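Below is run-v8.cif, holding mmCIF, C-alpha atoms and all ligand atoms.
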data_upload
#
loop_
_atom_site.label_atom_id
_atom_site.label_comp_id
_atom_site.auth_asym_id
_atom_site.auth_seq_id
_atom_site.Cartn_x
_atom_site.Cartn_y
_atom_site.Cartn_z
CA MET C 105 -2.56 -50.92 107.53
CA THR C 106 -2.62 -54.54 106.32
CA HIS C 107 -3.47 -54.57 102.61
CA ILE C 108 -5.15 -57.51 100.89
CA VAL C 109 -5.66 -57.78 97.13
CA VAL C 110 -8.67 -59.90 96.15
CA ILE C 111 -8.91 -61.15 92.55
CA GLY C 112 -12.43 -61.50 91.13
CA ALA C 113 -15.69 -59.75 92.05
CA GLY C 114 -18.00 -62.78 91.89
CA PRO C 115 -20.12 -63.73 94.91
CA VAL C 116 -17.03 -65.05 96.71
CA GLY C 117 -14.60 -62.18 96.04
CA THR C 118 -17.20 -59.55 96.98
CA SER C 119 -18.09 -61.42 100.21
CA LEU C 120 -14.40 -61.65 101.11
CA ALA C 121 -13.69 -57.99 100.36
CA LEU C 122 -16.70 -56.91 102.41
CA ALA C 123 -15.71 -59.14 105.36
CA LEU C 124 -12.12 -57.82 105.31
CA LEU C 125 -13.29 -54.20 105.16
CA ARG C 126 -15.66 -54.83 108.08
CA ALA C 127 -12.64 -56.19 109.99
CA GLY C 128 -10.94 -52.82 109.46
CA LEU C 129 -8.41 -53.97 106.83
CA ASP C 130 -7.37 -52.28 103.60
CA VAL C 131 -8.64 -54.08 100.48
CA THR C 132 -8.28 -53.76 96.71
CA LEU C 133 -10.82 -55.86 94.80
CA CYS C 134 -9.78 -56.33 91.16
CA GLU C 135 -12.31 -57.46 88.54
CA GLN C 136 -11.20 -57.95 84.96
CA ALA C 137 -14.67 -57.30 83.49
CA GLU C 138 -15.71 -53.70 82.79
CA SER C 139 -18.97 -54.27 84.71
CA LEU C 140 -19.97 -56.97 87.17
CA PRO C 141 -20.84 -60.18 85.29
CA ALA C 142 -24.63 -60.63 84.93
CA ASP C 143 -24.95 -64.25 83.82
CA PRO C 144 -27.41 -66.17 85.99
CA ARG C 145 -25.46 -69.37 87.01
CA ALA C 146 -25.89 -70.34 90.70
CA ALA C 147 -29.15 -69.31 92.33
CA THR C 148 -29.55 -71.00 95.72
CA LEU C 149 -28.49 -69.52 99.06
CA GLN C 150 -28.52 -71.90 102.03
CA PRO C 151 -29.53 -70.78 105.57
CA PRO C 152 -26.00 -70.47 107.04
CA THR C 153 -24.96 -68.38 104.02
CA LEU C 154 -27.89 -66.03 104.68
CA GLU C 155 -26.67 -65.68 108.27
CA MET C 156 -23.16 -64.85 107.04
CA LEU C 157 -24.49 -62.25 104.61
CA ASP C 158 -26.47 -60.74 107.50
CA ALA C 159 -23.23 -60.39 109.46
CA LEU C 160 -21.63 -58.69 106.43
CA GLY C 161 -24.54 -56.24 106.26
CA SER C 162 -25.85 -57.26 102.84
CA GLY C 163 -28.23 -60.06 103.98
CA ALA C 164 -31.45 -58.05 104.28
CA ALA C 165 -31.06 -56.46 100.82
CA ILE C 166 -30.30 -59.87 99.26
CA ARG C 167 -33.28 -61.50 100.99
CA ALA C 168 -35.51 -58.73 99.63
CA LYS C 169 -34.45 -59.74 96.08
CA GLY C 170 -34.94 -63.50 96.56
CA LEU C 171 -37.64 -66.12 96.60
CA LYS C 172 -38.06 -68.30 99.70
CA ALA C 173 -37.86 -72.05 99.12
CA PRO C 174 -38.80 -73.82 102.37
CA VAL C 175 -39.48 -77.18 100.68
CA PHE C 176 -37.31 -79.35 98.46
CA GLN C 177 -39.27 -81.86 96.33
CA PHE C 178 -38.23 -85.19 94.76
CA ARG C 179 -40.36 -86.64 91.95
CA ASP C 180 -40.33 -89.67 89.71
CA ARG C 181 -40.41 -88.71 86.05
CA ALA C 182 -41.90 -91.92 84.60
CA SER C 183 -44.92 -91.99 86.94
CA ASP C 184 -45.03 -88.18 87.40
CA SER C 185 -45.49 -88.80 91.14
CA ILE C 186 -44.07 -87.00 94.16
CA ILE C 187 -41.60 -89.26 96.02
CA ALA C 188 -40.77 -87.07 99.03
CA GLU C 189 -40.64 -83.47 100.23
CA PHE C 190 -37.94 -82.23 102.59
CA ASP C 191 -38.87 -79.36 104.86
CA TYR C 192 -36.28 -76.72 105.78
CA GLY C 193 -38.90 -75.53 108.31
CA LEU C 194 -37.44 -78.23 110.60
CA LEU C 195 -34.40 -75.94 110.93
CA GLU C 196 -36.50 -73.55 113.04
CA GLY C 197 -34.44 -72.87 116.17
CA GLU C 198 -31.20 -73.90 114.40
CA THR C 199 -31.04 -70.80 112.20
CA PRO C 200 -32.97 -67.51 111.92
CA HIS C 201 -33.61 -68.40 108.24
CA PRO C 202 -35.22 -71.87 108.04
CA PHE C 203 -35.47 -71.84 104.22
CA ALA C 204 -33.27 -71.73 101.14
CA LEU C 205 -33.40 -68.51 99.14
CA GLN C 206 -33.45 -68.49 95.36
CA CYS C 207 -31.47 -65.44 94.24
CA GLU C 208 -29.22 -65.27 91.17
CA GLN C 209 -25.53 -65.04 92.03
CA PHE C 210 -24.99 -61.76 90.22
CA LYS C 211 -27.52 -60.13 92.56
CA VAL C 212 -25.46 -61.36 95.52
CA ALA C 213 -22.26 -59.92 94.00
CA ASP C 214 -24.01 -56.63 93.04
CA THR C 215 -25.46 -56.16 96.53
CA ASN C 216 -22.12 -56.89 98.19
CA ALA C 217 -20.42 -54.48 95.76
CA GLU C 218 -22.86 -51.70 96.72
CA ALA C 219 -22.07 -52.31 100.41
CA ILE C 220 -18.32 -52.27 99.65
CA GLU C 221 -18.54 -48.99 97.79
CA ALA C 222 -20.65 -47.44 100.55
CA LEU C 223 -18.06 -48.49 103.12
CA ARG C 224 -14.83 -47.65 101.26
CA PRO C 225 -15.35 -46.06 97.80
CA GLY C 226 -12.71 -47.09 95.26
CA THR C 227 -12.13 -50.56 96.76
CA LEU C 228 -13.68 -52.26 93.71
CA ARG C 229 -11.65 -51.72 90.55
CA LEU C 230 -13.55 -52.81 87.46
CA GLY C 231 -11.74 -53.41 84.15
CA THR C 232 -8.62 -54.32 86.15
CA ALA C 233 -7.18 -57.80 85.59
CA VAL C 234 -4.44 -59.21 87.78
CA THR C 235 -1.80 -60.33 85.28
CA GLY C 236 0.85 -61.76 87.63
CA PHE C 237 2.21 -61.94 91.16
CA ALA C 238 5.44 -62.69 93.01
CA GLN C 239 5.67 -63.28 96.75
CA ASP C 240 8.53 -62.95 99.22
CA GLY C 241 8.70 -63.33 102.99
CA ASP C 242 7.04 -59.98 103.69
CA GLY C 243 4.40 -59.59 101.04
CA VAL C 244 3.22 -60.02 97.46
CA ASP C 245 3.83 -57.83 94.40
CA VAL C 246 0.68 -57.92 92.26
CA THR C 247 0.82 -56.72 88.67
CA LEU C 248 -2.29 -55.31 87.01
CA SER C 249 -3.45 -54.90 83.42
CA THR C 250 -3.31 -51.13 84.01
CA GLY C 251 0.49 -51.37 84.26
CA GLU C 252 0.56 -50.74 88.02
CA THR C 253 2.18 -53.00 90.61
CA LEU C 254 0.48 -53.16 94.01
CA ARG C 255 2.28 -54.28 97.15
CA ALA C 256 0.01 -56.44 99.32
CA ASP C 257 0.42 -58.33 102.56
CA TYR C 258 -1.84 -61.08 101.23
CA LEU C 259 -3.35 -62.02 97.86
CA VAL C 260 -6.54 -64.08 97.46
CA GLY C 261 -7.58 -65.68 94.17
CA CYS C 262 -11.39 -65.71 93.94
CA ASP C 263 -10.95 -65.89 90.19
CA GLY C 264 -13.25 -68.81 89.34
CA GLY C 265 -12.81 -72.42 88.19
CA ARG C 266 -10.09 -71.60 85.66
CA SER C 267 -8.16 -69.64 88.31
CA ALA C 268 -4.85 -68.26 87.03
CA THR C 269 -3.89 -67.82 90.69
CA ARG C 270 -4.19 -71.58 91.32
CA LYS C 271 -2.23 -72.30 88.15
CA GLY C 272 0.40 -69.67 89.03
CA LEU C 273 0.91 -71.35 92.41
CA GLY C 274 1.34 -74.72 90.66
CA ILE C 275 -1.46 -76.28 92.74
CA ALA C 276 -3.13 -79.37 91.24
CA PHE C 277 -6.93 -79.37 90.75
CA GLU C 278 -7.70 -82.95 91.77
CA GLY C 279 -10.85 -84.78 90.71
CA PHE C 280 -12.70 -85.52 87.50
CA THR C 281 -14.85 -84.07 84.71
CA TYR C 282 -18.14 -85.82 83.89
CA GLU C 283 -18.31 -87.17 80.37
CA GLU C 284 -21.81 -85.81 79.95
CA ARG C 285 -22.53 -82.07 80.10
CA PHE C 286 -25.48 -80.20 81.62
CA LEU C 287 -28.14 -78.49 79.50
CA VAL C 288 -29.92 -75.57 81.18
CA LEU C 289 -33.25 -74.36 79.79
CA THR C 290 -35.07 -71.26 80.98
CA THR C 291 -38.81 -70.76 80.67
CA PRO C 292 -41.53 -68.50 82.07
CA HIS C 293 -43.90 -71.53 82.05
CA ASP C 294 -45.36 -71.92 85.54
CA PHE C 295 -44.84 -75.33 87.18
CA PHE C 296 -46.73 -74.57 90.41
CA ALA C 297 -49.96 -75.62 88.69
CA ARG C 298 -48.65 -79.21 88.73
CA ASP C 299 -47.62 -79.17 92.40
CA PHE C 300 -43.94 -78.53 91.83
CA ARG C 301 -42.21 -76.50 94.55
CA VAL C 302 -39.62 -73.73 94.12
CA ARG C 303 -36.82 -76.41 94.16
CA ASN C 304 -37.39 -79.85 92.62
CA TYR C 305 -35.37 -82.91 91.64
CA VAL C 306 -36.88 -85.38 89.18
CA LEU C 307 -35.49 -88.93 89.12
CA ASP C 308 -35.01 -90.73 85.80
CA PRO C 309 -32.20 -92.96 84.45
CA SER C 310 -31.63 -90.89 81.31
CA GLN C 311 -33.85 -87.82 81.55
CA TRP C 312 -33.45 -86.79 85.19
CA CYS C 313 -33.70 -83.08 85.82
CA ALA C 314 -33.42 -80.36 88.42
CA LEU C 315 -36.12 -77.75 88.15
CA PHE C 316 -36.17 -74.56 90.15
CA LYS C 317 -37.60 -71.09 90.11
CA VAL C 318 -35.56 -67.87 90.14
CA PRO C 319 -36.93 -64.38 90.79
CA HIS C 320 -35.45 -62.81 87.59
CA ASP C 321 -37.00 -59.30 87.35
CA GLY C 322 -39.52 -60.03 90.08
CA PRO C 323 -42.92 -61.75 89.96
CA PRO C 324 -43.73 -63.97 88.18
CA GLY C 325 -40.05 -65.02 87.82
CA LEU C 326 -38.57 -67.71 85.59
CA TRP C 327 -38.00 -71.46 85.83
CA ARG C 328 -34.72 -73.18 85.06
CA ILE C 329 -34.43 -76.84 84.16
CA VAL C 330 -31.12 -78.72 84.19
CA PHE C 331 -30.96 -81.90 82.07
CA PRO C 332 -28.09 -84.26 81.24
CA ALA C 333 -26.57 -83.70 77.78
CA PRO C 334 -24.21 -85.90 75.78
CA ALA C 335 -20.45 -85.30 75.60
CA ALA C 336 -19.19 -82.60 73.21
CA ASP C 337 -17.73 -85.24 70.85
CA SER C 338 -20.88 -87.44 70.85
CA GLY C 339 -22.18 -86.13 67.53
CA THR C 340 -25.46 -84.97 69.14
CA ASP C 341 -26.20 -81.26 69.19
CA ALA C 342 -27.62 -80.89 72.69
CA LEU C 343 -28.85 -77.36 71.95
CA SER C 344 -30.88 -78.49 68.93
CA ASP C 345 -34.69 -78.38 68.89
CA ALA C 346 -34.74 -82.17 68.56
CA TYR C 347 -32.64 -82.78 71.69
CA VAL C 348 -34.40 -80.09 73.74
CA SER C 349 -37.85 -81.44 72.75
CA ALA C 350 -36.85 -84.99 73.62
CA GLN C 351 -35.74 -83.93 77.11
CA MET C 352 -38.95 -82.00 77.78
CA LEU C 353 -41.24 -84.70 76.41
CA GLY C 354 -43.22 -86.24 79.23
CA LEU C 355 -42.06 -83.75 81.84
CA GLU C 356 -44.77 -81.24 81.12
CA PRO C 357 -47.19 -81.78 78.21
CA ALA C 358 -47.99 -78.08 77.96
CA LEU C 359 -44.32 -77.09 77.53
CA GLY C 360 -43.27 -76.42 73.93
CA LEU C 361 -40.14 -75.09 72.26
CA ALA C 362 -41.72 -71.63 72.01
CA ASP C 363 -41.82 -71.55 75.84
CA ILE C 364 -38.03 -71.89 76.11
CA THR C 365 -36.45 -68.45 76.27
CA HIS C 366 -32.83 -69.50 76.82
CA ARG C 367 -30.65 -72.59 76.23
CA ASN C 368 -27.20 -73.09 77.70
CA ILE C 369 -24.79 -75.99 77.98
CA TYR C 370 -21.73 -76.46 80.14
CA ALA C 371 -19.14 -79.03 81.23
CA VAL C 372 -19.30 -80.17 84.84
CA ASN C 373 -16.33 -80.89 87.08
CA GLN C 374 -15.83 -82.34 90.55
CA ARG C 375 -12.45 -80.99 91.65
CA VAL C 376 -10.72 -79.73 94.80
CA ALA C 377 -7.36 -77.90 94.82
CA ALA C 378 -4.56 -79.88 96.49
CA ALA C 379 -3.95 -76.84 98.75
CA PHE C 380 -5.94 -73.67 99.41
CA ARG C 381 -2.85 -71.66 100.34
CA LYS C 382 0.80 -71.23 99.46
CA GLY C 383 2.67 -68.71 101.60
CA ARG C 384 0.82 -65.40 101.48
CA VAL C 385 -1.47 -66.38 98.58
CA PHE C 386 -4.85 -68.07 99.14
CA LEU C 387 -7.60 -69.60 97.01
CA ALA C 388 -11.35 -69.36 97.73
CA GLY C 389 -14.59 -70.29 95.96
CA ASP C 390 -14.51 -71.93 92.52
CA ALA C 391 -10.77 -71.25 92.30
CA ALA C 392 -10.41 -73.81 95.12
CA HIS C 393 -13.24 -76.27 94.39
CA VAL C 394 -15.89 -76.93 91.74
CA ASN C 395 -18.83 -79.30 91.75
CA ASN C 396 -22.04 -80.11 89.91
CA PRO C 397 -24.93 -77.75 90.74
CA LEU C 398 -27.27 -80.47 92.12
CA GLY C 399 -27.98 -79.44 95.70
CA GLY C 400 -27.08 -75.76 95.31
CA LEU C 401 -23.81 -75.89 97.25
CA GLY C 402 -21.02 -74.37 95.09
CA MET C 403 -21.60 -70.65 95.59
CA ASN C 404 -22.52 -71.27 99.25
CA SER C 405 -19.35 -73.13 100.15
CA GLY C 406 -17.36 -70.43 98.34
CA ILE C 407 -18.95 -67.69 100.47
CA HIS C 408 -18.23 -69.84 103.55
CA ASP C 409 -14.54 -69.96 102.46
CA ALA C 410 -14.55 -66.16 102.21
CA VAL C 411 -15.98 -65.62 105.68
CA ASN C 412 -13.65 -68.23 107.23
CA LEU C 413 -10.57 -66.71 105.54
CA ALA C 414 -11.44 -63.11 106.44
CA ASP C 415 -11.72 -64.15 110.09
CA LYS C 416 -8.35 -65.97 109.96
CA ILE C 417 -6.58 -63.00 108.30
CA ALA C 418 -8.07 -60.53 110.82
CA ARG C 419 -6.98 -62.74 113.75
CA ALA C 420 -3.49 -63.18 112.23
CA VAL C 421 -3.13 -59.40 111.90
CA ALA C 422 -4.13 -58.98 115.56
CA ASP C 423 -1.77 -61.77 116.71
CA PRO C 424 0.99 -62.35 114.10
CA GLY C 425 2.53 -65.20 116.13
CA LYS C 426 -0.55 -67.29 115.36
CA ALA C 427 -0.61 -66.57 111.60
CA GLU C 428 0.83 -69.95 110.50
CA THR C 429 -1.60 -71.90 112.68
CA LEU C 430 -4.58 -69.84 111.53
CA PHE C 431 -3.70 -70.10 107.84
CA GLY C 432 -3.06 -73.85 108.16
CA ALA C 433 -6.50 -74.13 109.77
CA TYR C 434 -8.12 -72.29 106.82
CA ASP C 435 -6.62 -74.79 104.41
CA ALA C 436 -7.52 -77.83 106.54
CA GLU C 437 -11.05 -76.74 107.48
CA ARG C 438 -12.23 -75.60 104.10
CA ARG C 439 -10.66 -78.53 102.22
CA GLN C 440 -12.36 -80.88 104.67
CA ILE C 441 -15.78 -79.29 104.01
CA ALA C 442 -15.19 -79.25 100.24
CA LYS C 443 -14.37 -82.96 100.19
CA GLU C 444 -16.54 -84.47 102.93
CA TYR C 445 -19.67 -82.41 102.40
CA VAL C 446 -19.80 -80.55 99.08
CA GLN C 447 -18.12 -83.13 96.80
CA ALA C 448 -19.69 -86.09 98.62
CA GLN C 449 -23.22 -84.66 98.54
CA THR C 450 -23.20 -83.37 94.97
CA ILE C 451 -21.80 -86.65 93.60
CA GLN C 452 -24.43 -88.57 95.62
CA ASN C 453 -27.20 -86.20 94.44
CA LYS C 454 -26.37 -86.94 90.81
CA LYS C 455 -26.20 -90.71 91.41
CA ARG C 456 -29.59 -90.67 93.10
CA LEU C 457 -31.24 -88.73 90.27
CA GLU C 458 -29.91 -91.03 87.56
CA ALA C 459 -30.39 -94.39 89.38
CA ARG C 460 -30.29 -96.80 86.43
CA THR C 461 -31.59 -100.28 87.29
CA PRO C 462 -35.06 -100.94 88.74
CA GLU C 463 -33.32 -102.08 91.97
CA GLN C 464 -31.28 -98.86 92.23
CA GLN C 465 -34.39 -96.78 91.52
CA ALA C 466 -36.41 -98.62 94.18
CA ALA C 467 -33.55 -98.17 96.67
CA ALA C 468 -33.31 -94.40 95.91
CA ARG C 469 -37.08 -93.98 96.39
CA ALA C 470 -37.09 -96.07 99.60
CA GLU C 471 -34.16 -94.08 101.03
CA LEU C 472 -35.86 -90.73 100.32
CA GLN C 473 -39.27 -91.83 101.63
CA GLY C 474 -37.81 -93.58 104.71
CA THR C 475 -35.72 -90.53 105.60
CA CYS C 476 -38.63 -88.17 105.10
CA ALA C 477 -41.00 -90.24 107.26
CA ASP C 478 -38.64 -90.31 110.26
CA PRO C 479 -38.55 -86.85 111.92
CA ALA C 480 -34.99 -87.24 113.31
CA ARG C 481 -33.54 -88.49 110.00
CA HIS C 482 -35.54 -85.86 108.11
CA LYS C 483 -34.04 -83.07 110.22
CA ALA C 484 -30.53 -84.57 109.95
CA TRP C 485 -30.97 -84.66 106.16
CA VAL C 486 -31.88 -80.98 105.87
CA MET C 487 -29.13 -80.03 108.35
CA ASN C 488 -26.67 -81.76 106.03
CA ALA C 489 -28.17 -80.49 102.75
CA SER C 490 -28.06 -76.89 104.03
CA LEU C 491 -24.35 -77.27 105.06
CA LEU C 492 -25.24 -76.59 108.71
CA THR C 493 -23.89 -79.98 109.86
CA GLY C 494 -20.46 -79.36 108.31
CA LEU C 495 -20.20 -75.89 109.82
CA ARG C 496 -21.21 -77.20 113.27
CA GLN C 497 -18.53 -79.89 112.95
CA LEU C 498 -15.91 -77.19 112.28
CA GLU C 499 -17.13 -75.18 115.29
CA ASP C 500 -16.78 -78.29 117.50
CA GLN C 501 -13.28 -78.96 116.16
CA GLY C 502 -12.38 -75.29 116.81
CA ARG C 503 -13.56 -75.53 120.43
CA LYS C 504 -11.45 -78.69 120.99
CA ALA C 505 -8.33 -77.26 119.26
CA PRO C 506 -5.43 -76.45 121.63
C1 LIG I 601 -21.59 -71.84 83.19
C2 LIG I 601 -21.75 -72.06 84.67
C3 LIG I 601 -23.01 -72.36 85.18
C4 LIG I 601 -23.17 -72.58 86.53
N1 LIG I 601 -24.41 -72.89 87.00
C5 LIG I 601 -24.56 -73.16 88.31
C6 LIG I 601 -25.83 -73.50 88.84
O1 LIG I 601 -26.82 -73.61 88.11
N2 LIG I 601 -25.93 -73.75 90.18
C7 LIG I 601 -24.84 -73.66 91.01
O2 LIG I 601 -24.95 -73.89 92.23
N3 LIG I 601 -23.64 -73.31 90.54
C8 LIG I 601 -23.47 -73.06 89.22
N4 LIG I 601 -22.25 -72.72 88.77
C9 LIG I 601 -21.17 -72.54 89.72
C10 LIG I 601 -21.26 -71.17 90.39
O3 LIG I 601 -21.48 -70.21 89.39
C11 LIG I 601 -19.98 -70.92 91.17
O4 LIG I 601 -19.92 -71.86 92.25
C12 LIG I 601 -19.86 -69.51 91.71
O5 LIG I 601 -19.93 -68.59 90.65
C13 LIG I 601 -18.52 -69.32 92.40
O6 LIG I 601 -18.28 -67.96 92.60
P1 LIG I 601 -16.82 -67.36 92.55
O7 LIG I 601 -16.98 -65.96 93.05
O8 LIG I 601 -15.86 -68.28 93.22
O9 LIG I 601 -16.39 -67.39 91.02
P2 LIG I 601 -16.99 -66.63 89.75
O10 LIG I 601 -18.43 -66.32 89.95
O11 LIG I 601 -16.59 -67.44 88.57
O12 LIG I 601 -16.22 -65.24 89.74
C14 LIG I 601 -14.87 -65.13 89.38
C15 LIG I 601 -14.61 -63.69 88.96
O13 LIG I 601 -13.20 -63.51 88.81
C16 LIG I 601 -12.99 -62.68 87.69
N5 LIG I 601 -11.59 -62.90 87.26
C17 LIG I 601 -11.05 -64.04 86.78
N6 LIG I 601 -9.74 -63.89 86.52
C18 LIG I 601 -9.42 -62.60 86.87
C19 LIG I 601 -8.22 -61.84 86.85
N7 LIG I 601 -7.06 -62.36 86.43
N8 LIG I 601 -8.26 -60.55 87.29
C20 LIG I 601 -9.41 -60.00 87.72
N9 LIG I 601 -10.59 -60.68 87.74
C21 LIG I 601 -10.60 -61.97 87.34
C22 LIG I 601 -14.05 -63.12 86.70
O14 LIG I 601 -14.29 -62.15 85.70
C23 LIG I 601 -15.24 -63.33 87.63
O15 LIG I 601 -16.01 -62.15 87.79
C24 LIG I 601 -22.06 -72.50 87.41
C25 LIG I 601 -20.80 -72.19 86.89
C26 LIG I 601 -20.63 -71.98 85.54
C27 LIG I 601 -19.25 -71.66 85.00
#
Take the structure from the file and write it as structure tokens.
Amino acid sequence: MTHIVVIGAGPVGTSLALALLRAGLDVTLCEQAESLPADPRAATLQPPTLEMLDALGSGAAIRAKGLKAPVFQFRDRASDSIIAEFDYGLLEGETPHPFALQCEQFKVADTNAEAIEALRPGTLRLGTAVTGFAQDGDGVDVTLSTGETLRADYLVGCDGGRSATRKGLGIAFEGFTYEERFLVLTTPHDFFARDFRVRNYVLDPSQWCALFKVPHDGPPGLWRIVFPAPAADSGTDALSDAYVSAQMLGLEPALGLADITHRNIYAVNQRVAAAFRKGRVFLAGDAAHVNNPLGGLGMNSGIHDAVNLADKIARAVADPGKAETLFGAYDAERRQIAKEYVQAQTIQNKKRLEARTPEQQAAARAELQGTCADPARHKAWVMNASLLTGLRQLEDQGRKAP
């Protein structure tokens, strides 16, 4: 039976392993950590991703753990006014799930892992790092931290932004790193009282923020706020009380330092691998592309890679003569989406939030309000923001392909 080794049991690696198992293939999923990572990180699932998780059999359990977010709000920080609200409800008829779902990424990985173990116990190997690989014309030898060497037909690196698989293949990670970093604060303080929605973006030239609710341990849940933070070598300690207070000032008068339960800071990259495949080795998820979190697209596009690749591998196994064409299509299709949709939108989302001059700010507000007021443009906007437009474009291209 065709054997695929998947490196990394994040949301992408677990989705891929589950999809390959459902296709009747033999899978080994290696995760270096002793238990599945439980850090919160990404938290938004877009409608097409929910459909894909349904097809994998984990969708209903994941939806039961999440918080529906049908509306996406934009506000102006200086005037504390609502600029526009985009309604995923307009996707009714386009998808069975016309809403985004807030659900921490580790819950997605955990739920997939439970489904994997129910289907084929022993597939997931925790505490097992892939330490090297060598491919030839027939397969890939994969060495593990346990001292074993596995022989696989295909190897997929779902091993995150610092992917050793990508580096081992010598594939460039093209793009840039923002000079500023992102500060993420967590608080139980409830923002619904001030008419915030589950997902919110607040425009401001220096103190913009993204504010969204996550289910955490269940009601009432927690709120996370993402602010810009100065570069590591700026001399400002972005985790200090002084910096955190300054960012919160004016956003919510009732919010004090004592309400902040967690502070985190991280560097933000916009990068896409120069290729998503070399021979029998593939990249998917953050190993292949990384982006800023504004718009909630990173984890989603990674899961879309996984589902696309599992389908291509299953079809190549059924019809080996088509393998080269199918694998070339994986690389072309997913790189196209990463560049034209995910990179383009996330870069634009950041620019809109931080519009600097009064003219740029007025233009950003006018664009949002004009789009929202026009039903056709409003629907096109949410189709794009939810990644449905990109996926439909790929389906059209697939139908026209020879
Ligand atoms: C600090 C941080 C905060 C983030 N916050 C947000 C956010 O707020 N919103 C958002 O949309 N996105 C956010 N992201 C991005 C989001 O987390 C990713 O898009 C998503 O995790 C991608 O999933 P993945 O499965 O590709 O990779 P990961 O979730 O990174 O999983 C990779 C897995 O591979 C394992 N691994 C690595 N090397 C090996 C090896 N050699 N052998 C075996 N296992 C290995 C790792 O242990 C890990 O479990 C954040 C990312 C980071 C780093």
Legend entry - ligand LIG 601 (chain I) neighbours within 6 Å using only C-alpha atoms and all ligand atoms, as a PyMOL selection string: chain C and resi 111-117+134-137+141+145-147+232-235+262-264+370+389-391+397+400-403+406
Next, the residues of the selection above should be written as an mmCIF file, keeping the file's coordinate frame with C-alpha atoms.
data_model
loop_
_atom_site.group_PDB
_atom_site.id
_atom_site.type_symbol
_atom_site.label_atom_id
_atom_site.label_comp_id
_atom_site.auth_asym_id
_atom_site.auth_seq_id
_atom_site.Cartn_x
_atom_site.Cartn_y
_atom_site.Cartn_z
ATOM 1 C CA ILE C 111 -8.910 -61.150 92.550
ATOM 2 C CA GLY C 112 -12.430 -61.500 91.130
ATOM 3 C CA ALA C 113 -15.690 -59.750 92.050
ATOM 4 C CA GLY C 114 -18.000 -62.780 91.890
ATOM 5 C CA PRO C 115 -20.120 -63.730 94.910
ATOM 6 C CA VAL C 116 -17.030 -65.050 96.710
ATOM 7 C CA GLY C 117 -14.600 -62.180 96.040
ATOM 8 C CA CYS C 134 -9.780 -56.330 91.160
ATOM 9 C CA GLU C 135 -12.310 -57.460 88.540
ATOM 10 C CA GLN C 136 -11.200 -57.950 84.960
ATOM 11 C CA ALA C 137 -14.670 -57.300 83.490
ATOM 12 C CA PRO C 141 -20.840 -60.180 85.290
ATOM 13 C CA ARG C 145 -25.460 -69.370 87.010
ATOM 14 C CA ALA C 146 -25.890 -70.340 90.700
ATOM 15 C CA ALA C 147 -29.150 -69.310 92.330
ATOM 16 C CA THR C 232 -8.620 -54.320 86.150
ATOM 17 C CA ALA C 233 -7.180 -57.800 85.590
ATOM 18 C CA VAL C 234 -4.440 -59.210 87.780
ATOM 19 C CA THR C 235 -1.800 -60.330 85.280
ATOM 20 C CA CYS C 262 -11.390 -65.710 93.940
ATOM 21 C CA ASP C 263 -10.950 -65.890 90.190
ATOM 22 C CA GLY C 264 -13.250 -68.810 89.340
ATOM 23 C CA TYR C 370 -21.730 -76.460 80.140
ATOM 24 C CA GLY C 389 -14.590 -70.290 95.960
ATOM 25 C CA ASP C 390 -14.510 -71.930 92.520
ATOM 26 C CA ALA C 391 -10.770 -71.250 92.300
ATOM 27 C CA PRO C 397 -24.930 -77.750 90.740
ATOM 28 C CA GLY C 400 -27.080 -75.760 95.310
ATOM 29 C CA LEU C 401 -23.810 -75.890 97.250
ATOM 30 C CA GLY C 402 -21.020 -74.370 95.090
ATOM 31 C CA MET C 403 -21.600 -70.650 95.590
ATOM 32 C CA GLY C 406 -17.360 -70.430 98.340
#
Legend entry - Å distance separating atom CA of Asp184 of chain C from atom CA of Leu398 of chain C, one decimal place: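 According to the coordinates, atom CA of Asp184 of chain C and atom CA of Leu398 of chain C are separated by 19.9 Å.
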Inset, instruction - Between C:His393, C:His201, C:His320, C:Arg229, single out the one closest to Arg270 of chain C, counting only C-alpha atoms. - result: C:His393
Legend entry - Polymer residues at most 10 Å from Ile220 of chain C, only C-alpha atoms, same-chain spacing of 3 or more positions, as a ChimeraX atom specification: /C:118-119,121-123,125-126,131,133,160-162,214-217,223-228
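Each of C:Ile187, C:Ala164, C:Leu387, C:Arg255 was checked against Thr475 of chain C using all atoms listed in the file; the smallest atom-to-atom distance is that of C:Ile187.
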Inset, instruction - May I have the residues at most 10 Å from (-25.4, -84.5, 93.9) in the file's coordinates, counting only C-alpha atoms, as a list in words? - result: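 Output of the proximity query reads Asn395, Asn396, Pro397, Leu398, Gly399, Gly400, Leu401, Val446, Gln447, Ala448, Gln449, Thr450, Ile451, Gln452, Asn453, Lys454, Lys455, Arg456 and Leu457 of chain C.
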Inset, instruction - Please provide as a VMD selection string all residues within 7 Å of Gln473 of chain C, with the sequence filter that same-chain residues fewer than 3 positions apart are discarded (counting only C-alpha atoms). - result: chain C and resid 187 to 188 469 to 470 476 to 477
Legend entry - Gap from atom CA of Ala392 of chain C to atom CA of Ala377 of chain C - Å, one decimal: 5.1 Å
